[in-house]
$ cat upload-v6.txt   # compact mmCIF, C-alpha atoms
# COMPACT_ATOMS: atom_id res chain seq x y z
CA MET K 556 -0.20 -107.53 41.40
CA SER K 557 1.26 -107.66 44.87
CA SER K 558 -2.00 -109.11 46.18
CA GLU K 559 -1.07 -112.37 44.48
CA ALA K 560 2.31 -112.55 46.22
CA VAL K 561 2.92 -114.21 49.54
CA VAL K 562 6.02 -114.18 51.71
CA ASP K 563 7.40 -117.65 52.18
CA PRO K 564 6.65 -118.53 55.81
CA GLY K 565 9.81 -120.61 55.96
CA VAL K 566 11.98 -117.54 55.55
CA GLN K 567 9.68 -114.81 56.87
CA SER K 568 11.27 -112.60 59.50
CA LYS K 569 9.89 -109.94 61.79
CA MET K 570 11.57 -107.12 59.91
CA ASP K 571 9.49 -104.63 58.02
CA LEU K 572 9.45 -104.48 54.25
CA VAL K 573 12.25 -102.66 52.51
CA GLU K 574 10.59 -101.82 49.20
CA SER K 575 13.56 -101.59 46.84
CA GLN K 576 17.11 -100.39 46.46
CA ASN K 577 15.91 -97.13 44.97
CA THR K 578 13.60 -96.00 47.77
CA SER K 579 14.08 -94.74 51.29
CA CYS K 580 15.90 -96.91 53.81
CA ASN K 581 13.67 -97.43 56.81
CA PRO K 582 15.64 -100.01 58.80
CA PRO K 583 13.81 -103.13 60.02
CA PRO K 584 13.73 -103.90 63.72
CA PRO K 585 17.18 -104.84 65.05
CA THR K 586 18.26 -108.43 65.41
CA SER K 587 20.46 -109.72 68.20
CA GLN K 588 23.99 -108.33 68.41
CA ALA K 589 25.47 -111.84 68.36
CA ALA K 590 23.67 -112.67 65.12
CA GLU K 591 24.80 -109.40 63.57
CA GLN K 592 28.43 -110.00 64.45
CA SER K 593 28.43 -113.53 63.05
CA ALA K 594 26.73 -112.63 59.77
CA TYR K 595 28.03 -109.15 59.10
CA ASP K 596 30.40 -108.76 56.14
CA PRO K 597 31.56 -105.13 55.82
CA ALA K 598 32.59 -105.48 52.17
CA VAL K 599 29.20 -106.81 51.06
CA ALA K 600 27.42 -104.34 53.31
CA ASP K 601 29.14 -101.47 51.50
CA TRP K 602 27.78 -102.70 48.17
CA LEU K 603 24.36 -103.19 49.76
CA THR K 604 24.42 -99.65 51.11
CA LEU K 605 25.02 -98.25 47.64
CA THR K 606 22.09 -100.24 46.20
CA LEU K 607 19.80 -98.85 48.89
CA LEU K 608 20.62 -95.18 48.30
CA PRO K 609 17.56 -93.44 46.80
CA GLY K 610 17.96 -92.75 43.10
CA CYS K 611 21.18 -94.73 42.74
CA GLY K 612 20.80 -97.49 40.19
CA PRO K 613 23.49 -99.76 38.69
CA GLY K 614 24.86 -96.98 36.45
CA THR K 615 25.32 -94.52 39.30
CA ILE K 616 26.86 -97.18 41.53
CA ARG K 617 29.37 -98.08 38.85
CA LYS K 618 30.23 -94.42 38.36
CA LEU K 619 30.82 -93.91 42.09
CA VAL K 620 32.94 -97.03 42.52
CA ASP K 621 35.00 -96.34 39.40
CA HIS K 622 35.68 -92.79 40.56
CA PHE K 623 36.47 -93.43 44.21
CA GLY K 624 38.04 -96.86 43.77
CA SER K 625 35.79 -98.96 46.01
CA PRO K 626 32.30 -98.98 47.58
CA GLY K 627 33.77 -98.15 50.97
CA ALA K 628 35.68 -95.18 49.59
CA ALA K 629 32.58 -93.89 47.85
CA LEU K 630 30.59 -94.06 51.08
CA ALA K 631 33.40 -92.38 53.04
CA ALA K 632 33.69 -89.48 50.58
CA THR K 633 32.34 -86.06 51.50
CA ARG K 634 29.34 -84.47 49.86
CA ARG K 635 31.70 -82.00 48.22
CA GLN K 636 33.66 -84.85 46.69
CA TRP K 637 30.43 -86.34 45.36
CA SER K 638 29.42 -83.01 43.86
CA ASP K 639 32.77 -82.82 42.04
CA LEU K 640 31.88 -86.00 40.17
CA SER K 641 30.33 -85.09 36.83
CA GLY K 642 27.13 -86.84 35.80
CA LEU K 643 25.49 -87.00 39.22
CA GLY K 644 22.09 -85.34 39.33
CA SER K 645 20.41 -83.66 42.25
CA LYS K 646 18.67 -86.88 43.33
CA GLN K 647 21.96 -88.77 43.42
CA LEU K 648 23.67 -86.00 45.37
CA ALA K 649 20.77 -85.92 47.83
CA ALA K 650 21.32 -89.66 48.42
CA TRP K 651 24.59 -88.81 50.19
CA ASN K 652 22.51 -87.63 53.14
CA CYS K 653 21.04 -91.15 53.49
CA ILE K 654 24.34 -93.04 53.72
CA ASP K 655 24.25 -93.60 57.50
CA GLU K 656 20.62 -94.72 57.49
CA CYS K 657 21.11 -97.03 54.51
CA SER K 658 24.27 -98.47 56.02
CA LYS K 659 22.29 -99.61 59.07
CA THR K 660 19.62 -101.12 56.84
CA ALA K 661 22.25 -102.90 54.73
CA ARG K 662 23.72 -104.57 57.80
CA LEU K 663 20.29 -105.80 58.85
CA LEU K 664 19.44 -107.01 55.34
CA ALA K 665 22.67 -109.00 55.22
CA ASN K 666 21.76 -110.70 58.48
CA ARG K 667 18.20 -111.29 57.36
CA THR K 668 19.35 -112.96 54.15
CA ILE K 669 21.79 -115.23 55.95
CA SER K 670 19.28 -116.11 58.67
CA MET K 671 16.84 -117.43 56.04
CA GLY K 672 19.56 -119.67 54.59
CA GLY K 673 20.43 -117.29 51.74
CA GLN K 674 23.69 -115.82 50.53
CA LEU K 675 24.78 -112.45 49.23
CA LEU K 676 27.09 -112.02 46.27
CA SER K 677 28.57 -108.66 45.40
CA ILE K 678 29.78 -107.97 41.88
CA ASP K 679 33.43 -108.24 42.91
CA ASP K 680 32.90 -111.67 44.51
CA ALA K 681 34.70 -114.54 42.75
CA ALA K 682 31.42 -116.50 42.73
CA PHE K 683 29.55 -113.73 40.87
CA PRO K 684 28.73 -115.01 37.35
CA GLU K 685 31.21 -113.69 34.82
CA LEU K 686 28.72 -113.34 31.96
CA LEU K 687 26.43 -111.23 34.12
CA ARG K 688 29.32 -109.07 35.29
CA GLU K 689 30.06 -108.17 31.66
CA ILE K 690 26.68 -106.63 30.77
CA PRO K 691 26.38 -102.81 30.70
CA ASP K 692 24.33 -102.51 33.90
CA PRO K 693 24.95 -105.58 36.09
CA PRO K 694 23.37 -105.74 39.53
CA ALA K 695 25.80 -104.72 42.24
CA VAL K 696 24.46 -107.39 44.60
CA LEU K 697 22.59 -110.67 44.15
CA TYR K 698 20.44 -112.16 46.91
CA CYS K 699 20.61 -115.95 46.51
CA LEU K 700 18.62 -118.85 47.92
CA GLY K 701 19.78 -122.31 46.91
CA ASP K 702 22.80 -123.69 45.08
CA ILE K 703 25.00 -120.76 44.04
CA GLY K 704 27.26 -123.18 42.19
CA LEU K 705 24.71 -123.00 39.35
CA LEU K 706 25.77 -119.40 38.71
CA THR K 707 29.05 -120.60 37.21
CA SER K 708 27.47 -123.32 35.07
CA SER K 709 26.66 -123.10 31.36
CA SER K 710 23.18 -121.61 31.17
CA VAL K 711 20.43 -121.06 28.62
CA ALA K 712 17.43 -118.77 29.16
CA MET K 713 13.93 -119.93 28.24
CA VAL K 714 11.09 -117.41 28.07
CA GLY K 715 7.59 -117.17 26.65
CA SER K 716 3.94 -116.46 27.21
CA ARG K 717 2.32 -116.61 30.64
CA SER K 718 -0.93 -117.78 29.01
CA ALA K 719 0.78 -120.46 26.97
CA THR K 720 -1.04 -122.98 24.81
CA SER K 721 -0.89 -126.70 25.57
CA TYR K 722 1.58 -127.02 22.69
CA GLY K 723 3.82 -124.30 24.13
CA ARG K 724 3.78 -125.79 27.60
CA ARG K 725 4.59 -129.26 26.29
CA VAL K 726 7.45 -128.06 24.09
CA ALA K 727 8.94 -125.84 26.83
CA ARG K 728 9.03 -128.70 29.34
CA SER K 729 10.49 -131.12 26.80
CA LEU K 730 13.21 -128.72 25.64
CA ALA K 731 14.17 -127.77 29.20
CA GLU K 732 14.42 -131.40 30.23
CA GLY K 733 16.59 -132.12 27.19
CA LEU K 734 18.89 -129.19 27.96
CA SER K 735 19.18 -130.22 31.59
CA ARG K 736 20.04 -133.79 30.64
CA GLU K 737 22.87 -132.34 28.54
CA GLY K 738 24.16 -130.62 31.68
CA LEU K 739 22.94 -127.11 30.86
CA THR K 740 21.26 -124.94 33.47
CA VAL K 741 17.91 -123.47 32.45
CA VAL K 742 17.30 -119.86 33.49
CA SER K 743 13.81 -118.37 33.56
CA GLY K 744 11.62 -115.95 35.47
CA MET K 745 9.32 -118.15 37.62
CA ALA K 746 6.20 -116.78 35.89
CA LEU K 747 3.21 -118.90 34.91
CA GLY K 748 3.14 -120.60 31.53
CA ILE K 749 6.41 -121.12 29.64
CA ASP K 750 8.62 -120.05 32.57
CA SER K 751 7.07 -122.59 34.92
CA GLU K 752 7.22 -125.42 32.40
CA SER K 753 10.87 -124.60 31.71
CA HIS K 754 11.77 -124.83 35.40
CA ILE K 755 9.78 -128.06 35.82
CA GLY K 756 11.45 -129.67 32.82
CA ALA K 757 14.93 -128.61 33.94
CA LEU K 758 14.41 -130.16 37.37
CA GLN K 759 14.04 -133.55 35.67
CA GLY K 760 17.64 -133.50 34.42
CA ARG K 761 21.08 -132.99 35.93
CA GLY K 762 21.68 -129.41 34.80
CA GLY K 763 19.42 -127.68 37.31
CA THR K 764 17.53 -124.40 37.02
CA ILE K 765 17.78 -120.78 38.16
CA GLY K 766 14.70 -118.69 38.88
CA VAL K 767 15.29 -114.95 38.53
CA LEU K 768 12.72 -113.04 40.58
CA GLY K 769 11.28 -109.56 40.20
CA CYS K 770 10.70 -109.44 43.96
CA GLY K 771 12.48 -110.51 47.13
CA ILE K 772 13.80 -114.07 47.35
CA ASP K 773 11.40 -114.74 50.23
CA VAL K 774 8.32 -113.68 48.25
CA VAL K 775 6.37 -116.36 46.38
CA TYR K 776 5.02 -114.85 43.16
CA PRO K 777 2.76 -115.80 41.56
CA ARG K 778 1.24 -117.61 44.49
CA GLN K 779 0.07 -120.46 42.21
CA ASN K 780 3.75 -121.36 41.92
CA SER K 781 4.23 -122.01 45.62
CA SER K 782 5.18 -125.67 45.13
CA LEU K 783 7.53 -124.82 42.26
CA TYR K 784 9.13 -122.04 44.34
CA HIS K 785 10.00 -124.48 47.11
CA GLU K 786 11.27 -127.10 44.66
CA VAL K 787 13.55 -124.63 42.87
CA LYS K 788 14.76 -123.30 46.23
CA THR K 789 15.64 -126.85 47.31
CA LYS K 790 16.97 -128.33 44.07
CA GLY K 791 18.03 -125.26 42.11
CA LEU K 792 18.60 -121.56 42.81
CA LEU K 793 16.47 -118.46 43.32
CA ILE K 794 18.12 -115.07 42.84
CA SER K 795 17.07 -111.43 42.92
CA GLU K 796 18.67 -108.01 42.97
CA TYR K 797 15.88 -106.83 45.29
CA PRO K 798 16.03 -107.05 49.10
CA PRO K 799 13.99 -109.67 50.99
CA GLY K 800 10.38 -108.63 51.41
CA THR K 801 10.28 -106.58 48.18
CA ARG K 802 6.89 -107.02 46.54
CA PRO K 803 6.47 -107.63 42.80
CA GLU K 804 5.68 -104.49 40.82
CA GLY K 805 5.47 -104.08 37.07
CA PHE K 806 8.57 -101.93 36.65
CA ARG K 807 10.77 -104.56 38.27
CA PHE K 808 10.24 -107.22 35.61
CA PRO K 809 12.00 -105.57 32.64
CA ALA K 810 14.98 -105.05 34.97
CA ARG K 811 14.70 -108.71 35.99
CA ASN K 812 14.80 -109.69 32.29
CA ARG K 813 18.29 -108.24 31.80
CA ILE K 814 19.57 -110.62 34.47
CA ILE K 815 17.91 -113.59 32.76
CA ALA K 816 19.58 -112.68 29.48
CA GLY K 817 22.85 -111.70 31.12
CA LEU K 818 23.31 -115.04 32.89
CA SER K 819 22.81 -117.08 29.74
CA LYS K 820 24.71 -118.05 26.62
CA GLY K 821 21.49 -118.02 24.62
CA VAL K 822 17.84 -116.93 24.88
CA VAL K 823 15.13 -119.32 23.68
CA VAL K 824 11.67 -117.86 22.94
CA VAL K 825 9.11 -120.66 22.99
CA GLU K 826 5.86 -118.78 22.53
CA ALA K 827 5.34 -115.02 22.49
CA ALA K 828 3.08 -112.36 21.02
CA ARG K 829 4.61 -109.42 19.18
CA LYS K 830 4.32 -107.21 22.26
CA SER K 831 5.68 -109.17 25.20
CA GLY K 832 8.33 -109.26 27.86
CA SER K 833 9.81 -112.30 26.12
CA LEU K 834 10.84 -110.19 23.15
CA ILE K 835 12.33 -107.63 25.52
CA THR K 836 14.46 -110.42 26.97
CA ALA K 837 15.46 -111.54 23.47
CA GLN K 838 16.40 -107.96 22.55
CA LEU K 839 18.52 -107.71 25.69
CA GLY K 840 20.17 -111.01 24.81
CA LEU K 841 20.97 -109.65 21.36
CA ASP K 842 22.42 -106.49 22.90
CA PHE K 843 24.63 -108.65 25.14
CA GLY K 844 25.87 -110.73 22.21
CA ARG K 845 23.91 -113.87 23.06
CA GLU K 846 22.49 -116.41 20.63
CA ILE K 847 18.78 -115.96 19.94
CA PHE K 848 16.56 -118.99 19.34
CA ALA K 849 12.85 -119.30 18.57
CA VAL K 850 10.45 -122.23 18.55
CA PRO K 851 8.01 -122.19 15.61
CA GLY K 852 4.32 -122.51 16.31
CA GLN K 853 1.17 -122.84 14.27
CA VAL K 854 1.34 -120.27 11.46
CA ASP K 855 -2.03 -118.71 12.32
CA SER K 856 -1.46 -118.60 16.07
CA TYR K 857 -1.13 -115.05 17.37
CA LYS K 858 0.67 -116.46 20.41
CA SER K 859 3.57 -117.43 18.17
CA GLU K 860 3.74 -114.19 16.19
CA GLY K 861 6.69 -112.95 18.22
CA ALA K 862 8.65 -116.19 17.76
CA HIS K 863 7.88 -116.24 14.04
CA TRP K 864 8.98 -112.64 13.69
CA LEU K 865 12.28 -113.52 15.37
CA LEU K 866 12.76 -116.36 12.91
CA GLN K 867 12.13 -113.96 10.02
CA GLN K 868 14.84 -111.69 11.42
CA GLY K 869 17.37 -114.52 11.57
CA ALA K 870 16.96 -116.16 14.96
CA GLN K 871 17.92 -119.83 15.04
CA LEU K 872 15.03 -122.22 14.59
CA VAL K 873 14.61 -124.77 17.36
CA MET K 874 13.15 -128.23 16.82
CA SER K 875 15.00 -130.01 19.62
CA ALA K 876 17.29 -129.40 22.56
CA ALA K 877 20.17 -130.49 20.33
CA ASP K 878 19.66 -127.37 18.19
CA ILE K 879 20.19 -125.17 21.27
CA VAL K 880 23.19 -127.14 22.51
CA ALA K 881 24.84 -126.81 19.10
CA GLY K 882 23.96 -123.13 18.81
CA THR K 883 25.45 -122.18 22.19
CA SER K 884 28.69 -124.11 21.81
CA ALA K 885 30.19 -120.81 20.61
CA TYR K 886 27.75 -118.30 22.01
CA TYR K 887 28.80 -115.17 20.14
CA ASN K 888 25.88 -113.65 18.26
CA THR K 889 25.40 -114.53 14.59
CA CYS K 890 21.70 -114.17 14.06
CA GLY K 891 21.59 -110.45 13.22
CA VAL K 892 18.20 -109.79 14.76
CA GLY K 893 17.16 -106.16 14.46
CA THR K 894 15.51 -103.83 16.94
CA PHE K 895 12.09 -105.01 17.99
CA ASP K 896 9.06 -102.81 17.44
CA ASN K 897 6.26 -103.44 19.90
CA GLN K 898 2.94 -104.03 18.23
CA PRO K 899 -0.39 -103.88 20.08
CA ASP K 900 -1.16 -107.23 21.65
CA ASN K 901 -4.20 -109.07 20.36
CA ASN K 902 -7.26 -109.46 22.56
CA ILE K 903 -10.64 -111.05 22.10
CA GLU K 904 -12.64 -107.84 22.11
CA GLN K 905 -10.55 -106.42 19.25
CA LEU K 906 -10.35 -109.62 17.25
CA ALA K 907 -14.04 -110.45 17.45
CA PRO K 908 -16.00 -107.28 18.30
CA GLY K 909 -19.67 -107.40 19.12
CA LEU K 910 -19.78 -110.83 20.75
CA GLU K 911 -22.01 -111.38 23.73
CA PRO K 912 -20.28 -111.73 27.14
CA ASP K 913 -20.69 -115.53 27.45
CA ALA K 914 -19.26 -116.00 23.98
CA ILE K 915 -16.25 -113.84 24.84
CA GLU K 916 -15.57 -115.85 27.98
CA LEU K 917 -15.84 -119.09 26.02
CA LEU K 918 -13.53 -117.81 23.30
CA LYS K 919 -10.93 -116.88 25.93
CA GLN K 920 -10.79 -120.55 26.99
CA LEU K 921 -10.00 -121.75 23.46
CA GLU K 922 -6.57 -121.96 21.92
CA PRO K 923 -5.27 -121.80 18.35
CA TYR K 924 -4.57 -125.51 18.74
CA PRO K 925 -7.42 -128.04 19.01
CA VAL K 926 -8.71 -128.76 22.51
CA SER K 927 -11.59 -130.94 23.61
CA ARG K 928 -14.99 -129.41 24.30
CA GLU K 929 -15.05 -131.34 27.58
CA GLU K 930 -11.83 -129.63 28.69
CA VAL K 931 -13.34 -126.23 27.89
CA SER K 932 -16.62 -126.99 29.65
CA GLU K 933 -14.78 -127.80 32.87
CA LYS K 934 -13.51 -124.22 33.00
CA LEU K 935 -16.91 -122.60 32.56
CA HIS K 936 -20.02 -122.80 34.73
CA LEU K 937 -22.48 -123.14 31.85
CA SER K 938 -25.01 -125.85 31.03
CA PRO K 939 -24.26 -128.28 28.17
CA ALA K 940 -27.13 -126.80 26.19
CA ARG K 941 -25.80 -123.27 26.61
CA LEU K 942 -22.30 -124.39 25.58
CA SER K 943 -23.62 -126.07 22.43
CA GLU K 944 -25.53 -122.90 21.58
CA LEU K 945 -22.40 -120.78 22.04
CA PHE K 946 -20.18 -123.10 20.00
CA LEU K 947 -22.67 -122.96 17.12
CA TYR K 948 -22.88 -119.18 17.41
CA LEU K 949 -19.08 -118.77 17.37
CA GLU K 950 -18.75 -121.16 14.43
CA LEU K 951 -21.25 -119.11 12.45
CA GLU K 952 -19.31 -115.98 13.36
CA GLY K 953 -16.22 -117.61 11.88
CA VAL K 954 -14.08 -117.38 15.03
CA VAL K 955 -13.96 -121.09 15.94
CA GLU K 956 -13.48 -124.24 13.93
CA MET K 957 -15.00 -127.56 14.90
CA GLY K 958 -12.66 -130.51 14.37
CA PRO K 959 -13.08 -134.28 14.34
CA GLY K 960 -14.73 -135.83 17.34
CA ASP K 961 -14.88 -133.47 20.32
CA MET K 962 -12.15 -131.06 19.21
CA VAL K 963 -12.48 -127.31 18.68
CA ARG K 964 -10.01 -124.51 18.10
CA ARG K 965 -9.99 -120.72 17.91
CA THR K 966 -9.28 -119.17 14.51
CA VAL K 967 -8.58 -115.57 15.66

$ encode --input "upload-v6.txt" --output "structure tokens"
Amino acid sequence: MSSEAVVDPGVQSKMDLVESQNTSCNPPPPTSQAAEQSAYDPAVADWLTLTLLPGCGPGTIRKLVDHFGSPGAALAATRRQWSDLSGLGSKQLAAWNCIDECSKTARLLANRTISMGGQLLSIDDAAFPELLREIPDPPAVLYCLGDIGLLTSSSVAMVGSRSATSYGRRVARSLAEGLSREGLTVVSGMALGIDSESHIGALQGRGGTIGVLGCGIDVVYPRQNSSLYHEVKTKGLLISEYPPGTRPEGFRFPARNRIIAGLSKGVVVVEAARKSGSLITAQLGLDFGREIFAVPGQVDSYKSEGAHWLLQQGAQLVMSAADIVAGTSAYYNTCGVGTFDNQPDNNIEQLAPGLEPDAIELLKQLEPYPVSREEVSEKLHLSPARLSELFLYLELEGVVEMGPGDMVRRTV
């Protein structure tokens, strides 16, 4: 996964990677003393230090600050005082030994963020988004790159499949543009597919967009989104709870999803399978008391099974941006969606077992919605004769349907 990430050269520094707030604090090479003095904010650095302590997540940080009264007081407390606090495990107590080291790293990270044109917001900062502050496990610190004024705007999250259909991509861009023209900020996760289309659509209006990253704010991921990354950085806002240089890893994205849901008055699922991160985000939104919306798709499209299931559970049906605007005018939850059960995701090998390799590759290029054979052929390095043979074979197997003219669609 990290092999597809690149560090933005415009904000790359010489400091070594600090992997995450829950790992060891190897400080990057020192910057100049003058730069440190001009950028250093002791109050923010105290919050940063807590996030960098090994084994100390948002829950532990909240417990420490609530008990001692402030981040600075928690860091100044003795190990004995920490051990007197009930609920701290051995890993959290061991983190006390790393305070000095992590404090140095925090100071350098603060300077690094500011030197790349970014800003740091701690949870007690007046500019920290109120909705996000209210969730059970808010991030203690946000690294920001762009217009932080968007954090206090009315926001709606849009999520969906990375491998979206042409229908899903078109609808996501249209809805996001409509929301943005109504002055709403669109929040999404900068992934391929629905996320990307949502950001692109939002940039066409006046509401703006926020990209919530599962890596450092200076890391472009996925790398195919390099142009979009720079556009959102310039015209919108990129945020992360992870330090600059942090590479994308799978476990970071569910944590990222809680921020997407937490920032927003509602969560819109455009296209999603039954087992997907989009439904995790919707569940989090439900837990936070947000409105849940779903865009209907073709009834036999497995890529819309998750959205259809949400609609069955009572999520609000979306046919236009106006439906979302009306539904978030009073954003308390009314849809009564239940707990999601993750079903195995569909894949070609399971849906159509026994197909030859070329047929499987061809089937992967097809969508539940009609696409042209010419469009499919451009994605595969096969002769026209071989493609015709495969289309006939798949039609006889009952897994594709030939439509009028040059159109074909997948039926599984």

$ closest_atom_pairs --input "upload-v6.txt" --of "range 659-740 of chain K" --to "range 864-879 of chain K" --cutoff "10 Å" --atoms "all atoms listed in the file" --output "Markdown table"
| residue | atom | partner | partner_atom | distance |
| --- | --- | --- | --- | --- |
| K:Val711 | CA | K:Ile879 | CA | 8.4 |
| K:Val726 | CA | K:Ser875 | CA | 9.0 |
| K:Ser729 | CA | K:Ala876 | CA | 8.2 |
| K:Leu730 | CA | K:Ala876 | CA | 5.2 |
| K:Ala731 | CA | K:Ala876 | CA | 7.5 |
| K:Glu732 | CA | K:Ala876 | CA | 8.4 |
| K:Gly733 | CA | K:Ala876 | CA | 5.4 |
| K:Leu734 | CA | K:Ala876 | CA | 5.6 |
| K:Ser735 | CA | K:Ala876 | CA | 9.3 |
| K:Arg736 | CA | K:Ala876 | CA | 9.6 |
| K:Glu737 | CA | K:Ala876 | CA | 8.7 |

$ closest_residue --input "upload-v6.txt" --among "K:Glu796, K:Glu956, K:Asp601, K:Asp621" --to "Val696 in chain K" --atoms "only C-alpha atoms"
K:Glu796

$ closest_residue --input "upload-v6.txt" --among "K:Leu607, K:Leu945, K:Ile915, K:Leu675" --to "Glu656 in chain K" --atoms "only C-alpha atoms"
K:Leu607

$ residues_around --input "upload-v6.txt" --residues "Pro613 in chain K" --least-positions-apart "3" --cutoff "10 Å" --atoms "only C-alpha atoms" --output "list in words"
Leu605, Thr606, Gly610, Ile616, Arg617, Lys618, Leu619, Pro691, Asp692, Pro693, Pro694, Ala695 and Val696 of chain K

$ residues_around --input "upload-v6.txt" --residues "Ala631 in chain K" --least-positions-apart "6" --cutoff "10 Å" --atoms "all atoms listed in the file" --output "PyMOL selection string"
chain K and resi 623+625+651+654

$ closest_residue --input "upload-v6.txt" --among "K:Ser753, K:Pro609, K:Gly624, K:Val774" --to "Ser645 in chain K" --atoms "only C-alpha atoms"
K:Pro609

$ atom_distance --input "upload-v6.txt" --atom1 "CA of Leu706 in chain K" --atom2 "CA of Thr660 in chain K"
26.5 Å

$ atom_distance --input "upload-v6.txt" --atom1 "CA of Ser670 in chain K" --atom2 "CA of Ala600 in chain K"
15.3 Å

$ closest_residue --input "upload-v6.txt" --among "K:Ser743, K:Thr720, K:Gln920, K:Ser795" --to "Leu676 in chain K" --atoms "all atoms listed in the file"
K:Ser795

$ atom_distance --input "upload-v6.txt" --atom1 "CA of Asp679 in chain K" --atom2 "CA of Thr707 in chain K"
14.3 Å

$ closest_residue --input "upload-v6.txt" --among "K:Val714, K:Ile749, K:Gly960, K:Val955" --to "Ile847 in chain K" --atoms "all atoms listed in the file"
K:Val714

$ closest_residue --input "upload-v6.txt" --among "K:Lys646, K:Arg811, K:Arg635, K:Arg965" --to "Glu952 in chain K" --atoms "all atoms listed in the file"
K:Arg965

$ axis_aligned_box --input "upload-v6.txt" --around "range 598-615 of chain K" --padding-each-side "8 Å" --output "JSON"
{"center_x": 25.1, "center_y": -99.8, "center_z": 44.9, "size_x": 31.0, "size_y": 30.1, "size_z": 32.9}

$ residues_near_point --input "upload-v6.txt" --point "(23.3, -113.7, 27.1)" --cutoff "12 Å" --atoms "only C-alpha atoms" --output "short mmCIF file (atom, residue, chain, number, x, y, z; two decimals) with C-alpha atoms, in the coordinates of the input"
data_model
loop_
_atom_site.label_atom_id
_atom_site.label_comp_id
_atom_site.auth_asym_id
_atom_site.auth_seq_id
_atom_site.Cartn_x
_atom_site.Cartn_y
_atom_site.Cartn_z
CA PRO K 684 28.73 -115.01 37.35
CA GLU K 685 31.21 -113.69 34.82
CA LEU K 686 28.72 -113.34 31.96
CA LEU K 687 26.43 -111.23 34.12
CA ARG K 688 29.32 -109.07 35.29
CA GLU K 689 30.06 -108.17 31.66
CA ILE K 690 26.68 -106.63 30.77
CA PRO K 691 26.38 -102.81 30.70
CA SER K 709 26.66 -123.10 31.36
CA SER K 710 23.18 -121.61 31.17
CA VAL K 711 20.43 -121.06 28.62
CA ALA K 712 17.43 -118.77 29.16
CA MET K 713 13.93 -119.93 28.24
CA VAL K 742 17.30 -119.86 33.49
CA ASN K 812 14.80 -109.69 32.29
CA ARG K 813 18.29 -108.24 31.80
CA ILE K 814 19.57 -110.62 34.47
CA ILE K 815 17.91 -113.59 32.76
CA ALA K 816 19.58 -112.68 29.48
CA GLY K 817 22.85 -111.70 31.12
CA LEU K 818 23.31 -115.04 32.89
CA SER K 819 22.81 -117.08 29.74
CA LYS K 820 24.71 -118.05 26.62
CA GLY K 821 21.49 -118.02 24.62
CA VAL K 822 17.84 -116.93 24.88
CA VAL K 823 15.13 -119.32 23.68
CA THR K 836 14.46 -110.42 26.97
CA ALA K 837 15.46 -111.54 23.47
CA GLN K 838 16.40 -107.96 22.55
CA LEU K 839 18.52 -107.71 25.69
CA GLY K 840 20.17 -111.01 24.81
CA LEU K 841 20.97 -109.65 21.36
CA ASP K 842 22.42 -106.49 22.90
CA PHE K 843 24.63 -108.65 25.14
CA GLY K 844 25.87 -110.73 22.21
CA ARG K 845 23.91 -113.87 23.06
CA GLU K 846 22.49 -116.41 20.63
CA ILE K 847 18.78 -115.96 19.94
CA PHE K 848 16.56 -118.99 19.34
CA THR K 883 25.45 -122.18 22.19
CA ALA K 885 30.19 -120.81 20.61
CA TYR K 886 27.75 -118.30 22.01
CA TYR K 887 28.80 -115.17 20.14
CA ASN K 888 25.88 -113.65 18.26
#

$ residues_near_point --input "upload-v6.txt" --point "(30.0, -88.8, 48.6)" --cutoff "12 Å" --atoms "all atoms listed in the file" --output "ChimeraX atom specification"
/K:605,608,615-616,618-620,622-623,625-640,643,647-655

$ write_last_selection --input "upload-v6.txt" --atoms "C-alpha atoms" --output "mmCIF file, in the coordinates of the input"
data_model
loop_
_atom_site.group_PDB
_atom_site.id
_atom_site.type_symbol
_atom_site.label_atom_id
_atom_site.label_comp_id
_atom_site.auth_asym_id
_atom_site.auth_seq_id
_atom_site.Cartn_x
_atom_site.Cartn_y
_atom_site.Cartn_z
ATOM 1 C CA LEU K 605 25.020 -98.250 47.640
ATOM 2 C CA LEU K 608 20.620 -95.180 48.300
ATOM 3 C CA THR K 615 25.320 -94.520 39.300
ATOM 4 C CA ILE K 616 26.860 -97.180 41.530
ATOM 5 C CA LYS K 618 30.230 -94.420 38.360
ATOM 6 C CA LEU K 619 30.820 -93.910 42.090
ATOM 7 C CA VAL K 620 32.940 -97.030 42.520
ATOM 8 C CA HIS K 622 35.680 -92.790 40.560
ATOM 9 C CA PHE K 623 36.470 -93.430 44.210
ATOM 10 C CA SER K 625 35.790 -98.960 46.010
ATOM 11 C CA PRO K 626 32.300 -98.980 47.580
ATOM 12 C CA GLY K 627 33.770 -98.150 50.970
ATOM 13 C CA ALA K 628 35.680 -95.180 49.590
ATOM 14 C CA ALA K 629 32.580 -93.890 47.850
ATOM 15 C CA LEU K 630 30.590 -94.060 51.080
ATOM 16 C CA ALA K 631 33.400 -92.380 53.040
ATOM 17 C CA ALA K 632 33.690 -89.480 50.580
ATOM 18 C CA THR K 633 32.340 -86.060 51.500
ATOM 19 C CA ARG K 634 29.340 -84.470 49.860
ATOM 20 C CA ARG K 635 31.700 -82.000 48.220
ATOM 21 C CA GLN K 636 33.660 -84.850 46.690
ATOM 22 C CA TRP K 637 30.430 -86.340 45.360
ATOM 23 C CA SER K 638 29.420 -83.010 43.860
ATOM 24 C CA ASP K 639 32.770 -82.820 42.040
ATOM 25 C CA LEU K 640 31.880 -86.000 40.170
ATOM 26 C CA LEU K 643 25.490 -87.000 39.220
ATOM 27 C CA GLN K 647 21.960 -88.770 43.420
ATOM 28 C CA LEU K 648 23.670 -86.000 45.370
ATOM 29 C CA ALA K 649 20.770 -85.920 47.830
ATOM 30 C CA ALA K 650 21.320 -89.660 48.420
ATOM 31 C CA TRP K 651 24.590 -88.810 50.190
ATOM 32 C CA ASN K 652 22.510 -87.630 53.140
ATOM 33 C CA CYS K 653 21.040 -91.150 53.490
ATOM 34 C CA ILE K 654 24.340 -93.040 53.720
ATOM 35 C CA ASP K 655 24.250 -93.600 57.500
#
